[in-house]
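K.L.:
Have a look at this one.
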Amino acid sequence: MSTILVFVEHQKNQIKRSSVELLQAAQKSGLKTCAVLFGTGVENLANSAAQNGAQEVHTFKSADFDQYNPEMFLAAMSDLLEKIKPSIVLSSASSLGKDLFPRLAARFQSGVASDCTELKIENGKVTAKKPLYSGKCFAETSFENSPIQFVLMRANQLPVSAANPSATTSAIDHTINKPDLKTIIQNVVKGASEKLDLTEANVIVSGGRGLKEAGNFKLLNDLADVLGATVGASRAVVDAGWVSHGMQVGQTGKTVAPTLYIAVGLSGAIQHLAGMSGSKVIVAINNDPQAPIFQKATYGIVGDLFEVVPKLTEEFKKVLNK
Amino acid sequence: MKIFVCLKQVPDTETKIKIAADQRSIDTAGIKWVINPYDEFAVEEAVKMKEANPGAQVFAITVGPKARVADSLRTALAMGADEGILINSAENIDTFSTAKALAAAITQEGGAQIIFTGKVAIDDNSSAVSQMLAEFLKIPHVTVVSKFSKTADSQFTVERDVEGGSKEVIQINGPCVIAANKGLNMPRYASLPGIMKAKKKVLKELEASSLGVLATDQKVVLNSYTLPADKAPVKMLSGDASSQVTQLVQSLRDEAKVL
């Protein structure tokens, strides 16, 4: 039977939800499901991987893998792929996933389908839906001439059901001969925000030029805090230097697909709409009833955001008992 | 010093996408083609590096149908690149084939001390060619780079943007591939004298097939293009701000069930 390998990412001693999605999807494929985890202490996550569908768990638990280094991870993953010879490799389209897997695919004379939003595995063959032009259209991706099918899935796209609490497994640990490194990670400067990245967030509150100045993003931060949301922004305000580029949603920023997207004082330029129209429910708050954002919105409020947003924050507090 | 910059021609971000009759491509009628925005940062960084290193040369290289993509090379030449290399190929060749063609052409031209690319092309959103190119050339890479400096001969310090606004500070020894993110620099506009000079610069044409790219190097196929599903019409909430807000929160909880 052929094997499917899931690259499992973790944070704070837990498997990330995006990786749970992949493990469960892999299990449903009917192929032999293997998982691989990197970093100190990951052997403690073996049972959790098994409970979500992994039949075999591989680890690289050396502290050398606590921080991503492309050369180290490439060497480790190359060894593992040689050993277990999977026909499919699944990963999230995270910073790490997008950096590592295209190169690994090239090494194995294979292709990679990136940033996919739907996944079908039938008789060992992958068909994945993938946005093009940041979501202005979609295509079905499949593989040919590709010994391994590498698929990078966006977070929050696949269903998650309850784990099987009785499953257990013990991890098989691997080590590598450390390659002569040409890239050295000197330092990691942590971002100010402890919140989920826009690409993983379930709720996003996004602001545009209607906020008038950088300081007024505080209104959105307050609203986001109540909702446990991540704050995003339009290109106009990023280009104006109000907020950092990491917060930009759109075709030249991040493509997002949260359950709830609240667009505040943001008209909805075509490149912005491309980046967020995959959101399940969209709320638009704008003083211009003609703003294009209303065409994509589920609920619309025409009004003064400086009046509406603080009231909204209070109302959410009340309803969510915060 | 030989500096290469890889670029892709893509539809302008303002483009409204229409699907072609074959459903395997887009209708290109009336599209304004531009250099992929992230590749503009790469061109700028390559030209800046040349300016700081007398004697350095910048080669701009692209893959695509020659009738269309020559324009993007002319723009890069007008921004300050010295020579253009056009690898003629079919439309929609995949990332593996593209990277293989680029690697073969760069090797044929005598290799690079450094290669700049964009972190992603905004058409297929793959973020793959830079890393695949580095693999084929057996050199290291860093992607999503928003800060770059040369610290010694063939040694660079870069910042890579990752989740949550965090940055990895990385030292990399060249030759290497650096994939640019927004924030790296402000790309210059092509000046009129630049445009005039660009017309006289060398623009070499190669064929993907003569660089060893085979039909079996196409690893990923795209089919069944569709437009996003139509959204139900927006529900506009009426009344004063307080009543709009109450209705909204109620609908999010009871109707949309997202709270």
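Naming scheme: A, B, ... for chains in displayed order of the structure tokens; residues 1 onward per chain; ligands 1 onward as shown.
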Which residues of chain A have any atom within 6 Å of an atom in chain B when counting only C-alpha atoms, and what is the closest pair of atoms for each, with the distance in Å to one decimal? Order the rows by chain and rising number and write it as a Markdown table.
P.N.:
| residue | atom | partner | partner_atom | distance |
| --- | --- | --- | --- | --- |
| A:Ser95 | CA | B:Val162 | CA | 5.7 |
| A:Pro102 | CA | B:Ala128 | CA | 5.1 |
| A:Arg103 | CA | B:Met132 | CA | 4.7 |
| A:Ala106 | CA | B:Met132 | CA | 5.4 |
| A:Gly111 | CA | B:Lys219 | CA | 4.8 |
| A:Ser114 | CA | B:Ser126 | CA | 5.2 |
| A:Leu132 | CA | B:Asp124 | CA | 5.0 |
| A:Tyr133 | CA | B:Asp123 | CA | 4.4 |
| A:Cys137 | CA | B:Leu227 | CA | 4.5 |
| A:Phe138 | CA | B:Thr226 | CA | 5.2 |
| A:Ala139 | CA | B:Tyr225 | CA | 4.3 |
| A:Glu140 | CA | B:Asn223 | CA | 5.1 |
| A:Thr141 | CA | B:Leu222 | CA | 4.7 |
| A:Ser142 | CA | B:Val221 | CA | 5.4 |
| A:Phe143 | CA | B:Val220 | CA | 4.6 |
| A:Glu144 | CA | B:Lys219 | CA | 5.0 |
| A:Asn145 | CA | B:Lys219 | CA | 5.4 |
| A:Ser146 | CA | B:Lys219 | CA | 5.5 |
| A:Lys182 | CA | B:Asn173 | CA | 5.3 |
| A:Thr183 | CA | B:Ile172 | CA | 4.4 |
| A:Ile184 | CA | B:Gln171 | CA | 5.1 |
| A:Ile185 | CA | B:Ile170 | CA | 4.5 |
| A:Gln186 | CA | B:Ile170 | CA | 5.5 |
| A:Asn187 | CA | B:Val169 | CA | 5.1 |
| A:Val188 | CA | B:Glu168 | CA | 4.4 |
| A:Val189 | CA | B:Lys167 | CA | 5.0 |
| A:Lys190 | CA | B:Ser166 | CA | 4.4 |
| A:Gly191 | CA | B:Ser166 | CA | 4.1 |
| A:Asp197 | CA | B:Gly164 | CA | 4.7 |
| A:Gly246 | CA | B:Gly165 | CA | 5.8 |
| A:Gln271 | CA | B:Thr13 | CA | 5.9 |
| A:Ala297 | CA | B:Val234 | CA | 5.4 |
| A:Thr298 | CA | B:Val234 | CA | 4.8 |
| A:Tyr299 | CA | B:Lys235 | CA | 4.8 |
| A:Gly300 | CA | B:Met236 | CA | 4.6 |
| A:Ile301 | CA | B:Leu237 | CA | 5.6 |
| A:Val308 | CA | B:Ala241 | CA | 5.7 |
| A:Leu312 | CA | B:Val245 | CA | 5.6 |
K.L.:
Select, from A:Ala291, A:Ile204, A:Val281, A:Ala113, the residue with the minimum atom-to-atom distance to Leu223 in chain A, counting only C-alpha atoms.
P.N.:
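That would be A:Ile204, the residue with the smallest distance to Leu223 in chain A.
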K.L.:
Pick from A:Thr313, A:Ser170, A:Thr33, A:Asn286: nearest to Ala46 in chain A, with only C-alpha atoms counted?
P.N.:
A:Ser170
K.L.:
Using DSSP on the backbone, list every residue of range 84-223 of chain B that comes out as strand (DSSP E), and give them as a VMD selection string.
P.N.:
chain B and resid 84 to 88 114 to 118 141 to 152 155 to 161 167 to 173 176 to 180 202 to 207 220 to 223
K.L.:
Go through range 153-224 of chain B and collect every residue that DSSP, computed from the backbone, puts in helix (DSSP H, G or I); the answer should be as a list in words.
P.N.:
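In range 153-224 of chain B, DSSP puts these residues in helix (DSSP H, G or I): Glu163, Gly164, Gly165, Leu192, Pro193, Gly194, Ile195, Met196, Lys197, Ala198, Ser209, Ser210, Leu211, Ala215, Thr216 and Asp217 of chain B.
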K.L.:
Emit the selected residues as an mmCIF file, in the first residue's frame, including all heavy atoms.
P.N.:
data_model
loop_
_atom_site.group_PDB
_atom_site.id
_atom_site.type_symbol
_atom_site.label_atom_id
_atom_site.label_comp_id
_atom_site.auth_asym_id
_atom_site.auth_seq_id
_atom_site.Cartn_x
_atom_site.Cartn_y
_atom_site.Cartn_z
ATOM 1 N N GLU B 163 5.498 34.227 10.047
ATOM 2 C CA GLU B 163 4.186 34.469 10.634
ATOM 3 C C GLU B 163 4.228 35.448 11.810
ATOM 4 O O GLU B 163 5.195 35.485 12.563
ATOM 5 C CB GLU B 163 3.560 33.160 11.135
ATOM 6 C CG GLU B 163 2.812 32.384 10.062
ATOM 7 C CD GLU B 163 3.674 31.292 9.465
ATOM 8 O OE1 GLU B 163 4.860 31.180 9.853
ATOM 9 O OE2 GLU B 163 3.150 30.556 8.581
ATOM 10 N N GLY B 164 3.108 36.162 11.962
ATOM 11 C CA GLY B 164 2.910 36.985 13.147
ATOM 12 C C GLY B 164 3.830 38.190 13.236
ATOM 13 O O GLY B 164 4.064 38.712 14.321
ATOM 14 N N GLY B 165 4.383 38.631 12.090
ATOM 15 C CA GLY B 165 5.244 39.812 12.105
ATOM 16 C C GLY B 165 6.653 39.525 12.608
ATOM 17 O O GLY B 165 7.447 40.449 12.799
ATOM 18 N N LEU B 192 13.207 58.233 -18.836
ATOM 19 C CA LEU B 192 13.197 58.327 -20.301
ATOM 20 C C LEU B 192 14.570 57.966 -20.882
ATOM 21 O O LEU B 192 14.646 57.145 -21.798
ATOM 22 C CB LEU B 192 12.740 59.727 -20.737
ATOM 23 C CG LEU B 192 12.409 59.840 -22.225
ATOM 24 C CD1 LEU B 192 11.336 58.849 -22.649
ATOM 25 C CD2 LEU B 192 11.986 61.255 -22.563
ATOM 26 N N PRO B 193 15.678 58.542 -20.336
ATOM 27 C CA PRO B 193 16.985 58.117 -20.859
ATOM 28 C C PRO B 193 17.209 56.613 -20.677
ATOM 29 O O PRO B 193 17.789 55.958 -21.541
ATOM 30 C CB PRO B 193 17.994 58.904 -20.009
ATOM 31 C CG PRO B 193 17.235 60.011 -19.384
ATOM 32 C CD PRO B 193 15.802 59.600 -19.317
ATOM 33 N N GLY B 194 16.708 56.081 -19.552
ATOM 34 C CA GLY B 194 16.811 54.645 -19.299
ATOM 35 C C GLY B 194 16.102 53.848 -20.382
ATOM 36 O O GLY B 194 16.607 52.824 -20.867
ATOM 37 N N ILE B 195 14.921 54.314 -20.760
ATOM 38 C CA ILE B 195 14.133 53.620 -21.787
ATOM 39 C C ILE B 195 14.855 53.687 -23.134
ATOM 40 O O ILE B 195 14.911 52.702 -23.875
ATOM 41 C CB ILE B 195 12.713 54.241 -21.878
ATOM 42 C CG1 ILE B 195 11.956 53.973 -20.563
ATOM 43 C CG2 ILE B 195 11.946 53.678 -23.064
ATOM 44 C CD1 ILE B 195 10.680 54.765 -20.388
ATOM 45 N N MET B 196 15.449 54.858 -23.443
ATOM 46 C CA MET B 196 16.173 55.007 -24.709
ATOM 47 C C MET B 196 17.379 54.057 -24.729
ATOM 48 O O MET B 196 17.607 53.361 -25.705
ATOM 49 C CB MET B 196 16.658 56.459 -24.898
ATOM 50 C CG MET B 196 15.526 57.489 -24.962
ATOM 51 S SD MET B 196 14.208 57.033 -26.114
ATOM 52 C CE MET B 196 15.081 57.263 -27.667
ATOM 53 N N LYS B 197 18.110 54.024 -23.596
ATOM 54 C CA LYS B 197 19.302 53.154 -23.527
ATOM 55 C C LYS B 197 18.909 51.679 -23.644
ATOM 56 O O LYS B 197 19.620 50.885 -24.261
ATOM 57 C CB LYS B 197 20.021 53.365 -22.184
ATOM 58 C CG LYS B 197 21.130 54.394 -22.239
ATOM 59 C CD LYS B 197 21.988 54.255 -20.974
ATOM 60 C CE LYS B 197 22.172 55.611 -20.318
ATOM 61 N NZ LYS B 197 22.569 55.530 -18.910
ATOM 62 N N ALA B 198 17.774 51.339 -23.040
ATOM 63 C CA ALA B 198 17.348 49.936 -23.015
ATOM 64 C C ALA B 198 17.176 49.382 -24.421
ATOM 65 O O ALA B 198 17.409 48.202 -24.670
ATOM 66 C CB ALA B 198 16.056 49.800 -22.225
ATOM 67 N N SER B 209 13.212 24.381 -24.887
ATOM 68 C CA SER B 209 13.488 23.006 -25.317
ATOM 69 C C SER B 209 14.985 22.788 -25.538
ATOM 70 O O SER B 209 15.517 21.712 -25.239
ATOM 71 C CB SER B 209 12.702 22.674 -26.584
ATOM 72 O OG SER B 209 12.925 23.672 -27.552
ATOM 73 N N SER B 210 15.701 23.814 -26.021
ATOM 74 C CA SER B 210 17.138 23.613 -26.252
ATOM 75 C C SER B 210 17.933 23.735 -24.953
ATOM 76 O O SER B 210 19.135 23.489 -24.923
ATOM 77 C CB SER B 210 17.662 24.586 -27.306
ATOM 78 O OG SER B 210 17.478 25.904 -26.867
ATOM 79 N N LEU B 211 17.274 24.116 -23.864
ATOM 80 C CA LEU B 211 17.937 24.147 -22.553
ATOM 81 C C LEU B 211 17.712 22.841 -21.790
ATOM 82 O O LEU B 211 17.989 22.747 -20.595
ATOM 83 C CB LEU B 211 17.417 25.327 -21.723
ATOM 84 C CG LEU B 211 17.847 26.720 -22.202
ATOM 85 C CD1 LEU B 211 17.018 27.796 -21.532
ATOM 86 C CD2 LEU B 211 19.326 26.947 -21.935
ATOM 87 N N ALA B 215 9.154 17.463 -22.087
ATOM 88 C CA ALA B 215 7.702 17.418 -21.842
ATOM 89 C C ALA B 215 7.423 16.814 -20.465
ATOM 90 O O ALA B 215 6.490 17.232 -19.771
ATOM 91 C CB ALA B 215 7.021 16.605 -22.933
ATOM 92 N N THR B 216 8.245 15.862 -20.028
ATOM 93 C CA THR B 216 8.021 15.204 -18.731
ATOM 94 C C THR B 216 8.440 16.075 -17.547
ATOM 95 O O THR B 216 8.297 15.667 -16.402
ATOM 96 C CB THR B 216 8.809 13.877 -18.641
ATOM 97 O OG1 THR B 216 10.162 14.143 -19.003
ATOM 98 C CG2 THR B 216 8.224 12.814 -19.547
ATOM 99 N N ASP B 217 8.970 17.272 -17.817
ATOM 100 C CA ASP B 217 9.271 18.201 -16.723
ATOM 101 C C ASP B 217 8.032 18.980 -16.298
ATOM 102 O O ASP B 217 8.073 19.754 -15.346
ATOM 103 C CB ASP B 217 10.387 19.164 -17.125
ATOM 104 C CG ASP B 217 11.730 18.458 -17.203
ATOM 105 O OD1 ASP B 217 11.945 17.540 -16.388
ATOM 106 O OD2 ASP B 217 12.538 18.807 -18.072
#
K.L.:
With only C-alpha atoms as the basis for distance, which of A:Val264, A:Val249, A:Val112, A:Val6 is at the shortest distance from Asn221 in chain A?
P.N.:
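Smallest distance to Asn221 in chain A is found for A:Val264.
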K.L.:
To one decimal place in Å, what is the distance between CA of Ala240 in chain A and CA of Ala190 in chain B?
P.N.:
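Between CA of Ala240 in chain A and CA of Ala190 in chain B the gap is 22.4 Å.
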